[in-house]
>>> print(open('target16.txt').read())   # compact mmCIF, C-alpha atoms and all ligand atoms
# COMPACT_ATOMS: atom_id res chain seq x y z
CA MET L 1 131.79 85.78 81.01
CA THR L 2 131.87 84.15 84.42
CA GLN L 3 132.38 87.18 86.61
CA ILE L 4 131.42 90.85 86.61
CA THR L 5 132.31 93.64 89.04
CA ILE L 6 130.12 96.73 89.24
CA ARG L 7 129.71 99.71 91.52
CA ARG L 8 127.66 98.67 94.52
CA PRO L 9 123.99 98.90 93.56
CA ASP L 10 121.19 101.04 95.00
CA ASP L 11 117.57 99.92 95.25
CA MET L 12 115.48 102.95 94.35
CA HIS L 13 112.16 101.44 95.58
CA LEU L 14 112.17 99.24 98.67
CA HIS L 15 109.69 98.22 101.36
CA LEU L 16 111.38 97.44 104.68
CA ARG L 17 108.23 97.53 106.88
CA ASP L 18 108.82 97.89 110.62
CA GLY L 19 109.26 95.91 113.83
CA ALA L 20 110.09 92.22 113.52
CA MET L 21 109.72 92.28 109.72
CA LEU L 22 112.19 95.16 109.42
CA GLN L 23 114.70 93.28 111.55
CA ALA L 24 114.54 90.29 109.21
CA VAL L 25 114.38 91.95 105.79
CA ALA L 26 116.75 94.93 106.16
CA PRO L 27 119.87 92.69 106.30
CA GLU L 28 118.66 90.93 103.12
CA SER L 29 118.93 94.22 101.20
CA ALA L 30 122.04 95.45 103.03
CA ARG L 31 123.97 92.35 101.95
CA ASP L 32 124.18 93.47 98.30
CA PHE L 33 122.92 97.07 98.22
CA ALA L 34 124.52 100.25 99.58
CA ARG L 35 121.42 102.47 99.65
CA ALA L 36 117.71 102.33 99.03
CA ILE L 37 114.79 104.68 98.59
CA ILE L 38 112.56 103.57 101.45
CA MET L 39 108.83 103.42 100.85
CA PRO L 40 106.72 105.15 103.52
CA ASN L 41 103.57 102.96 103.45
CA LEU L 42 103.82 101.79 107.05
CA VAL L 43 100.80 101.51 109.32
CA PRO L 44 100.48 104.40 110.16
CA PRO L 45 102.32 105.91 107.17
CA VAL L 46 105.49 108.02 107.36
CA VAL L 47 103.95 111.43 106.76
CA THR L 48 106.11 113.98 108.59
CA GLY L 49 109.81 114.73 108.67
CA ALA L 50 109.89 113.71 112.34
CA GLN L 51 108.35 110.31 111.51
CA ALA L 52 110.89 109.81 108.70
CA ALA L 53 113.78 110.62 111.05
CA ALA L 54 112.53 108.10 113.64
CA TYR L 55 111.98 105.42 110.96
CA ARG L 56 115.46 106.08 109.58
CA ASP L 57 116.93 105.39 113.02
CA ARG L 58 115.02 102.11 113.30
CA ILE L 59 116.36 101.04 109.87
CA LEU L 60 119.93 101.95 110.80
CA ALA L 61 119.59 99.88 113.96
CA ALA L 62 118.37 96.89 111.93
CA ALA L 63 121.05 97.21 109.22
CA PRO L 64 124.11 99.16 110.35
CA GLY L 65 126.11 100.46 107.39
CA PHE L 66 123.14 100.50 105.03
CA THR L 67 122.01 103.95 103.89
CA PRO L 68 118.25 104.46 103.85
CA LEU L 69 117.07 107.32 101.63
CA MET L 70 113.83 108.40 103.21
CA THR L 71 110.53 109.39 101.59
CA LEU L 72 107.33 110.96 102.88
CA TYR L 73 103.85 109.61 102.19
CA LEU L 74 101.81 112.36 100.52
CA THR L 75 98.43 113.07 102.11
CA GLU L 76 95.88 115.77 101.43
CA THR L 77 96.97 117.47 104.66
CA THR L 78 100.75 117.27 104.14
CA ASP L 79 102.40 120.54 105.16
CA PRO L 80 104.60 122.00 102.38
CA ALA L 81 106.88 123.65 104.96
CA ASP L 82 107.50 120.33 106.76
CA VAL L 83 108.35 118.65 103.44
CA ALA L 84 110.70 121.45 102.46
CA ALA L 85 112.48 121.39 105.84
CA ALA L 86 112.93 117.60 105.67
CA ALA L 87 114.33 117.89 102.13
CA VAL L 88 116.65 120.80 102.84
CA SER L 89 118.10 118.98 105.86
CA GLY L 90 118.99 116.09 103.54
CA LEU L 91 116.79 113.62 105.44
CA VAL L 92 114.13 113.13 102.78
CA LYS L 93 114.91 112.39 99.11
CA ALA L 94 111.40 112.15 97.65
CA VAL L 95 107.68 112.27 98.35
CA LYS L 96 105.52 109.27 97.46
CA LEU L 97 102.14 109.59 95.82
CA TYR L 98 99.70 106.76 96.41
CA PRO L 99 96.34 107.32 94.77
CA ALA L 100 93.93 106.44 97.62
CA GLY L 101 93.10 102.73 97.45
CA ALA L 102 95.65 101.83 94.74
CA THR L 103 97.82 99.40 96.71
CA THR L 104 98.97 98.14 100.14
CA ASN L 105 98.31 100.77 102.86
CA SER L 106 97.26 103.46 100.42
CA HIS L 107 93.94 104.44 102.01
CA GLY L 108 95.52 107.63 103.41
CA GLY L 109 96.69 108.65 99.93
CA VAL L 110 95.48 111.30 97.53
CA ARG L 111 91.93 111.63 96.16
CA ASP L 112 91.81 115.31 95.20
CA PHE L 113 94.95 116.64 93.49
CA ASP L 114 93.89 120.24 94.05
CA LYS L 115 94.52 119.67 97.75
CA VAL L 116 98.17 118.67 97.21
CA MET L 117 99.09 121.37 94.68
CA PRO L 118 100.83 123.59 97.25
CA VAL L 119 103.09 120.67 98.28
CA LEU L 120 103.82 119.72 94.66
CA GLU L 121 104.60 123.33 93.76
CA LYS L 122 107.00 123.57 96.67
CA MET L 123 108.65 120.30 95.59
CA ALA L 124 109.05 121.59 92.03
CA GLU L 125 110.63 124.75 93.41
CA ILE L 126 113.23 122.89 95.50
CA GLY L 127 113.77 120.00 93.05
CA LEU L 128 112.40 117.26 95.33
CA PRO L 129 111.14 114.31 93.24
CA LEU L 130 107.63 112.88 93.40
CA CYS L 131 107.53 109.08 93.23
CA THR L 132 104.23 107.83 91.88
CA HIS L 133 102.35 104.57 92.27
CA GLY L 134 100.93 105.06 88.79
CA GLU L 135 97.58 103.32 88.70
CA VAL L 136 94.10 104.80 88.67
CA THR L 137 91.66 103.36 91.17
CA THR L 138 88.50 103.96 89.14
CA PRO L 139 86.43 100.77 89.59
CA GLU L 140 85.38 100.79 85.92
CA VAL L 141 88.97 100.66 84.66
CA ASP L 142 90.30 97.16 84.08
CA ILE L 143 93.20 96.31 86.40
CA PHE L 144 95.45 95.59 83.40
CA ASP L 145 94.76 99.07 82.00
CA ARG L 146 95.19 101.07 85.18
CA GLU L 147 98.78 102.14 84.53
CA ALA L 148 98.18 103.34 80.98
CA VAL L 149 95.04 105.21 82.06
CA PHE L 150 96.96 106.81 84.95
CA ILE L 151 99.56 108.16 82.53
CA ASP L 152 96.91 109.71 80.27
CA THR L 153 94.46 111.00 82.86
CA VAL L 154 96.58 111.80 85.92
CA LEU L 155 100.31 111.97 85.24
CA ASP L 156 100.37 113.81 81.95
CA PRO L 157 97.87 116.48 83.10
CA LEU L 158 99.83 116.87 86.36
CA ARG L 159 103.10 117.38 84.50
CA ARG L 160 101.45 119.96 82.25
CA ARG L 161 100.26 121.78 85.37
CA ILE L 162 103.72 121.67 87.03
CA PRO L 163 106.28 121.08 84.26
CA GLU L 164 109.24 121.61 86.63
CA LEU L 165 108.17 118.78 88.95
CA ARG L 166 110.66 115.90 88.93
CA VAL L 167 108.79 112.59 88.74
CA VAL L 168 109.76 108.94 89.14
CA MET L 169 107.19 106.59 87.66
CA GLU L 170 107.55 103.71 90.10
CA HIS L 171 107.52 100.06 89.05
CA ILE L 172 106.39 100.55 85.45
CA THR L 173 104.85 97.44 83.91
CA THR L 174 103.74 98.45 80.41
CA GLU L 175 105.12 99.55 77.06
CA GLU L 176 103.11 102.74 77.60
CA GLY L 177 105.06 103.36 80.80
CA VAL L 178 108.35 102.66 79.04
CA ALA L 179 107.49 105.09 76.24
CA TYR L 180 106.29 107.85 78.55
CA ALA L 181 109.29 107.64 80.90
CA GLY L 182 111.60 107.54 77.91
CA GLN L 183 111.03 111.27 77.39
CA GLY L 184 113.64 111.66 80.13
CA GLY L 185 114.50 115.14 81.40
CA ASN L 186 112.84 115.55 84.78
CA LEU L 187 111.10 112.21 84.35
CA ALA L 188 112.39 108.70 85.04
CA ALA L 189 111.05 105.27 85.92
CA THR L 190 111.97 102.40 88.16
CA ILE L 191 111.64 98.82 86.93
CA THR L 192 111.42 95.86 89.29
CA THR L 193 113.32 92.61 89.06
CA HIS L 194 110.19 90.47 88.94
CA HIS L 195 108.54 92.43 86.11
CA LEU L 196 111.57 91.60 83.95
CA ILE L 197 110.92 87.90 84.63
CA ILE L 198 107.20 87.20 84.87
CA ASN L 199 104.18 88.02 82.75
CA ARG L 200 100.55 87.49 83.71
CA ASN L 201 100.60 83.86 82.61
CA HIS L 202 103.06 83.11 85.39
CA ILE L 203 100.46 84.26 87.91
CA LEU L 204 97.46 82.48 86.46
CA VAL L 205 98.29 79.50 84.22
CA GLY L 206 98.14 76.09 85.88
CA GLY L 207 96.80 77.47 89.16
CA ILE L 208 97.01 80.79 90.93
CA LYS L 209 100.49 81.69 92.21
CA PRO L 210 100.04 84.17 95.04
CA HIS L 211 103.76 84.86 95.36
CA TYR L 212 103.75 86.29 91.82
CA TYR L 213 100.91 88.67 92.63
CA CYS L 214 101.97 92.27 93.08
CA LEU L 215 100.75 95.69 92.09
CA PRO L 216 100.88 96.87 89.42
CA VAL L 217 100.03 93.32 88.35
CA ALA L 218 102.33 91.77 85.73
CA LYS L 219 100.99 92.31 82.20
CA ARG L 220 101.19 90.55 78.81
CA GLU L 221 104.46 89.22 77.43
CA LYS L 222 104.91 92.16 75.02
CA HIS L 223 105.05 94.47 78.03
CA ARG L 224 107.64 92.33 79.80
CA LEU L 225 109.76 92.47 76.65
CA ALA L 226 109.42 96.27 76.49
CA LEU L 227 110.57 96.47 80.12
CA ARG L 228 113.58 94.29 79.29
CA ARG L 229 114.54 96.51 76.35
CA ALA L 230 114.24 99.60 78.55
CA ALA L 231 116.19 98.21 81.50
CA THR L 232 119.01 96.91 79.34
CA SER L 233 119.13 99.97 77.05
CA GLY L 234 121.50 101.94 79.27
CA SER L 235 119.15 104.95 79.02
CA PRO L 236 119.36 107.13 82.15
CA ALA L 237 115.55 107.27 82.25
CA TYR L 238 115.34 103.73 83.70
CA PHE L 239 116.81 102.33 86.89
CA LEU L 240 116.30 99.56 89.40
CA GLY L 241 113.64 99.81 92.08
CA THR L 242 113.04 96.27 93.23
CA ASP L 243 109.74 97.02 94.99
CA SER L 244 110.71 94.10 97.20
CA ALA L 245 107.56 94.00 99.31
CA PRO L 246 107.48 91.34 102.02
CA HIS L 247 104.21 89.95 103.35
CA VAL L 248 104.09 86.89 105.58
CA ASP L 249 103.02 83.71 103.80
CA ALA L 250 99.79 83.54 105.81
CA LEU L 251 98.68 86.79 104.15
CA LYS L 252 99.94 85.87 100.65
CA GLU L 253 98.45 82.36 100.61
CA HIS L 254 95.03 83.67 101.52
CA ALA L 255 91.55 84.01 100.01
CA CYS L 256 92.32 87.72 99.57
CA GLY L 257 96.10 87.66 99.24
CA CYS L 258 98.31 90.71 99.71
CA ALA L 259 100.15 92.25 96.74
CA GLY L 260 103.94 92.16 96.73
CA CYS L 261 106.92 90.05 95.66
CA PHE L 262 109.88 89.62 98.01
CA THR L 263 113.04 89.85 95.89
CA ALA L 264 115.59 91.40 98.24
CA THR L 265 117.39 88.09 98.82
CA ASN L 266 118.20 87.21 95.20
CA THR L 267 117.67 90.35 93.11
CA MET L 268 121.24 90.91 91.91
CA PRO L 269 121.77 87.29 90.75
CA LEU L 270 118.37 87.44 89.00
CA LEU L 271 119.32 90.66 87.24
CA ALA L 272 122.68 89.23 86.15
CA HIS L 273 120.73 86.33 84.61
CA VAL L 274 118.33 88.69 82.81
CA PHE L 275 121.05 91.03 81.53
CA GLU L 276 123.15 88.09 80.36
CA GLU L 277 120.13 86.69 78.50
CA GLU L 278 119.74 90.07 76.79
CA GLY L 279 123.45 90.25 75.94
CA ALA L 280 123.70 93.37 78.11
CA LEU L 281 125.83 92.48 81.14
CA ASP L 282 127.91 95.56 80.33
CA ARG L 283 124.82 97.70 81.02
CA LEU L 284 123.86 96.10 84.34
CA GLU L 285 125.86 98.69 86.28
CA ALA L 286 124.06 101.61 84.63
CA PHE L 287 120.68 100.12 85.60
CA THR L 288 121.51 99.17 89.19
CA SER L 289 124.26 101.55 90.26
CA LEU L 290 124.51 104.70 88.10
CA ASN L 291 121.22 105.91 86.60
CA GLY L 292 119.22 106.06 89.83
CA ALA L 293 121.98 107.78 91.76
CA ALA L 294 122.30 110.33 88.96
CA PHE L 295 118.58 111.07 88.96
CA TYR L 296 118.61 111.62 92.72
CA GLY L 297 121.75 113.77 92.52
CA LEU L 298 123.87 111.26 94.45
CA ALA L 299 127.42 110.20 93.67
CA PRO L 300 127.65 106.54 92.66
CA ASN L 301 128.91 104.22 95.39
CA GLU L 302 132.68 103.80 95.65
CA ALA L 303 132.41 100.20 96.86
CA THR L 304 131.83 97.41 94.36
CA LEU L 305 129.85 94.20 94.05
CA THR L 306 131.13 91.16 92.19
CA LEU L 307 128.76 88.65 90.63
CA VAL L 308 130.05 85.21 89.75
CA LYS L 309 128.51 82.69 87.35
CA GLU L 310 128.76 79.13 88.62
CA PRO L 311 128.67 76.05 86.39
CA ALA L 312 126.09 74.44 88.70
CA PRO L 313 122.82 76.13 89.71
CA VAL L 314 123.00 78.29 92.82
CA THR L 315 120.35 77.89 95.49
CA PHE L 316 118.67 80.51 97.64
CA PRO L 317 116.50 79.93 100.68
CA ALA L 318 112.87 79.35 99.66
CA LYS L 319 111.76 81.44 102.64
CA ILE L 320 113.26 83.71 105.23
CA GLU L 321 112.08 83.49 108.82
CA THR L 322 110.86 86.71 110.39
CA GLY L 323 109.49 87.34 113.86
CA ALA L 324 106.15 87.92 112.14
CA GLY L 325 106.18 84.59 110.23
CA PRO L 326 107.89 83.15 107.14
CA VAL L 327 108.24 85.22 103.96
CA THR L 328 108.66 83.41 100.63
CA VAL L 329 111.60 84.51 98.48
CA PHE L 330 110.77 85.17 94.82
CA ASP L 331 111.31 82.00 92.78
CA PRO L 332 112.04 82.79 89.12
CA GLY L 333 111.09 79.28 88.04
CA PHE L 334 114.39 78.64 86.25
CA PRO L 335 117.85 77.54 87.44
CA LEU L 336 119.98 80.48 88.48
CA HIS L 337 123.75 80.28 88.07
CA TRP L 338 124.74 83.73 89.34
CA ARG L 339 125.63 84.59 92.91
CA CYS L 340 127.11 87.61 94.67
CA ALA L 341 130.74 87.02 95.64
N1 LIG F 401 104.01 96.37 95.01
C1 LIG F 401 103.15 95.72 95.76
O1 LIG F 401 102.49 94.82 95.26
N2 LIG F 401 102.99 96.00 97.07
C2 LIG F 401 103.61 97.06 97.80
C3 LIG F 401 103.00 98.39 97.54
C4 LIG F 401 103.34 99.01 96.21
O2 LIG F 401 104.50 99.24 95.90
O3 LIG F 401 102.43 99.29 95.43
C5 LIG F 401 103.50 96.74 99.29
O4 LIG F 401 103.76 97.65 100.11
O5 LIG F 401 103.20 95.60 99.64
ZN ZN F 402 103.34 100.81 94.31
ZN ZN F 403 106.30 99.40 96.27
>>> encode(input="target16.txt", output="structure tokens", more="lines below")
Ligand SMILES: NC(=O)N[C@@H](CC(=O)O)C(=O)O
Ligand SMILES: [Zn+2]
Ligand SMILES: [Zn+2]
Amino acid sequence: MTQITIRRPDDMHLHLRDGAMLQAVAPESARDFARAIIMPNLVPPVVTGAQAAAYRDRILAAAPGFTPLMTLYLTETTDPADVAAAAVSGLVKAVKLYPAGATTNSHGGVRDFDKVMPVLEKMAEIGLPLCTHGEVTTPEVDIFDREAVFIDTVLDPLRRRIPELRVVMEHITTEEGVAYAGQGGNLAATITTHHLIINRNHILVGGIKPHYYCLPVAKREKHRLALRRAATSGSPAYFLGTDSAPHVDALKEHACGCAGCFTATNTMPLLAHVFEEEGALDRLEAFTSLNGAAFYGLAPNEATLTLVKEPAPVTFPAKIETGAGPVTVFDPGFPLHWRCA
């Protein structure tokens, strides 16, 4: 097949940042995607409905025609009434849980779950999903085990406490995550583009590759293969959340480099490549354009996106320029023949 047309995709986990970075990266997503669940880990974070409304306006100004689906950053002092009002008005589509210290700008996140129970109970009542960065921060737990330990010691107990809570396990990276999310029902998971392509060897073999470093960190090959089976299965429990997370090169190529891969520019061609490799191009649309919308109770987009396979490799810019400095575009390390028409 040399061409495929699908419903216009949605990115159910996206970092757009703010200011000059927002101006540069928002059009990169808007080119191919209709909507995105917008992560709230700004500095300072998007905590209140009023902050989400103001951030939404800044995104719309940077990418007219793109539909940002806003989220709130859960803190131990989040007001359940403010969350409920922002959800009922249609402004906010989810609340994001960052265990304190787990990832970029997560220091204001949750330490004591007892303190957020009233918010979570309210969310369960009104059907507002909780998106989780699913890694424990316990220093003793190995970084490659932090997702699996989170599922056993945080997520599963939480879901037993509030069975009605709708949960999206964000950016799963392990076969444990695939299996747990596969229970479906009020549970689902996003999978990133880059975790379908790289394993931990890509980060570490032959020299450290800072642009492949993200959180949760890529795992062993068997986990990448489990993610590929899940993403291409067609199961409604799995959908695309790119976690495209721009950091300027100066902060990636650094003695203590930031976590995040920037995939907004070439995600759809990369996914066409992956799904073609798996013999599952007919299930690309479910992953990128149907399953996530269904979980969030949204109609799929009416507009379409056509992907074309070229005989010769297609090139993408190695970097995009932003007012804050250059940002390196994710390089899969293989020739890519797909492009968006
Ligand atoms: N994924 C990442 O490695 N980084 C994200 C944060 C996150 O999604 O955990 C970021 O905001 O930079
Ligand atoms: Zn995260
Ligand atoms: Zn993220």
>>> residues_around(input="target16.txt", residues="L:Pro80", least_positions_apart="6", cutoff="12 Å", atoms="all atoms listed in the file", output="list of chain:residue names")
L:Val47, L:Thr48, L:Gly49, L:Leu72, L:Leu74, L:Ala86, L:Ala87, L:Val95, L:Lys115, L:Val116, L:Met117, L:Pro118, L:Val119, L:Leu120, L:Glu121, L:Lys122, L:Met123, L:Ala124, L:Glu125, L:Ile126, L:Leu128
>>> atom_distance(input="target16.txt", atom1="atom CA of L:Gly297", atom2="atom CA of L:Ala52")
19.9 Å
>>> atom_distance(input="target16.txt", atom1="atom CA of L:Ile38", atom2="atom CA of L:Gly182")
23.9 Å
>>> residues_near_ligand(input="target16.txt", ligand="ligand ZN 403 (chain F)", cutoff="9 Å", atoms="only C-alpha atoms and all ligand atoms", output="list in words")
His13, Leu14, His15, Met39, Asn41, Thr103, Thr104, His133, Glu170, His171, Cys214, Leu215, Gly241, Thr242, Asp243, Ser244, Ala245 and Gly260 of chain L
>>> atom_distance(input="target16.txt", atom1="atom CA of L:Phe239", atom2="atom CA of L:Arg283")
11.0 Å
>>> build_atoms(input="target16.txt", residues="stretch 168-196 of chain L", atoms="N, CA and C atoms", output="CSV table (one decimal), in the frame of the given file")
chain,number,residue,atom,x,y,z
L,168,VAL,N,109.4,110.3,89.4
L,168,VAL,CA,109.8,108.9,89.1
L,168,VAL,C,108.5,108.1,89.0
L,169,MET,N,108.3,107.5,87.9
L,169,MET,CA,107.2,106.6,87.7
L,169,MET,C,107.6,105.3,88.3
L,170,GLU,N,107.1,104.9,89.4
L,170,GLU,CA,107.6,103.7,90.1
L,170,GLU,C,107.0,102.4,89.4
L,171,HIS,N,107.9,101.4,89.5
L,171,HIS,CA,107.5,100.1,89.0
L,171,HIS,C,106.6,100.0,87.8
L,172,ILE,N,107.2,100.6,86.7
L,172,ILE,CA,106.4,100.6,85.4
L,172,ILE,C,106.3,99.1,84.9
L,173,THR,N,105.1,98.8,84.3
L,173,THR,CA,104.8,97.4,83.9
L,173,THR,C,104.4,97.3,82.5
L,174,THR,N,104.4,98.5,81.7
L,174,THR,CA,103.7,98.4,80.4
L,174,THR,C,104.6,99.1,79.4
L,175,GLU,N,104.4,98.8,78.1
L,175,GLU,CA,105.1,99.6,77.1
L,175,GLU,C,104.7,101.0,77.0
L,176,GLU,N,103.5,101.3,77.5
L,176,GLU,CA,103.1,102.7,77.6
L,176,GLU,C,104.0,103.5,78.7
L,177,GLY,N,104.2,102.8,79.8
L,177,GLY,CA,105.1,103.4,80.8
L,177,GLY,C,106.5,103.6,80.3
L,178,VAL,N,107.0,102.6,79.6
L,178,VAL,CA,108.4,102.7,79.0
L,178,VAL,C,108.4,103.9,78.1
L,179,ALA,N,107.4,104.0,77.2
L,179,ALA,CA,107.5,105.1,76.2
L,179,ALA,C,107.4,106.4,76.9
L,180,TYR,N,106.5,106.6,77.9
L,180,TYR,CA,106.3,107.8,78.6
L,180,TYR,C,107.5,108.3,79.3
L,181,ALA,N,108.1,107.3,80.1
L,181,ALA,CA,109.3,107.6,80.9
L,181,ALA,C,110.5,107.9,80.0
L,182,GLY,N,110.5,107.4,78.8
L,182,GLY,CA,111.6,107.5,77.9
L,182,GLY,C,111.8,109.0,77.4
L,183,GLN,N,110.8,109.8,77.7
L,183,GLN,CA,111.0,111.3,77.4
L,183,GLN,C,112.2,111.8,78.2
L,184,GLY,N,112.5,111.2,79.3
L,184,GLY,CA,113.6,111.7,80.1
L,184,GLY,C,113.5,113.1,80.7
L,185,GLY,N,114.6,113.8,80.8
L,185,GLY,CA,114.5,115.1,81.4
L,185,GLY,C,114.2,115.0,82.9
L,186,ASN,N,113.1,115.6,83.3
L,186,ASN,CA,112.8,115.6,84.8
L,186,ASN,C,111.9,114.4,85.1
L,187,LEU,N,111.9,113.4,84.2
L,187,LEU,CA,111.1,112.2,84.4
L,187,LEU,C,112.0,111.0,84.3
L,188,ALA,N,111.7,110.0,85.1
L,188,ALA,CA,112.4,108.7,85.0
L,188,ALA,C,111.4,107.6,85.5
L,189,ALA,N,111.9,106.4,85.5
L,189,ALA,CA,111.0,105.3,85.9
L,189,ALA,C,111.9,104.2,86.6
L,190,THR,N,111.3,103.6,87.6
L,190,THR,CA,112.0,102.4,88.2
L,190,THR,C,111.3,101.2,87.5
L,191,ILE,N,112.1,100.1,87.4
L,191,ILE,CA,111.6,98.8,86.9
L,191,ILE,C,112.0,97.8,88.0
L,192,THR,N,111.1,96.9,88.3
L,192,THR,CA,111.4,95.9,89.3
L,192,THR,C,112.1,94.7,88.7
L,193,THR,N,112.7,93.9,89.5
L,193,THR,CA,113.3,92.6,89.1
L,193,THR,C,112.2,91.7,88.5
L,194,HIS,N,111.2,91.5,89.3
L,194,HIS,CA,110.2,90.5,88.9
L,194,HIS,C,109.4,90.8,87.7
L,195,HIS,N,109.2,92.1,87.4
L,195,HIS,CA,108.5,92.4,86.1
L,195,HIS,C,109.4,92.2,84.9
L,196,LEU,N,110.7,92.0,85.1
L,196,LEU,CA,111.6,91.6,84.0
L,196,LEU,C,111.5,90.1,83.7
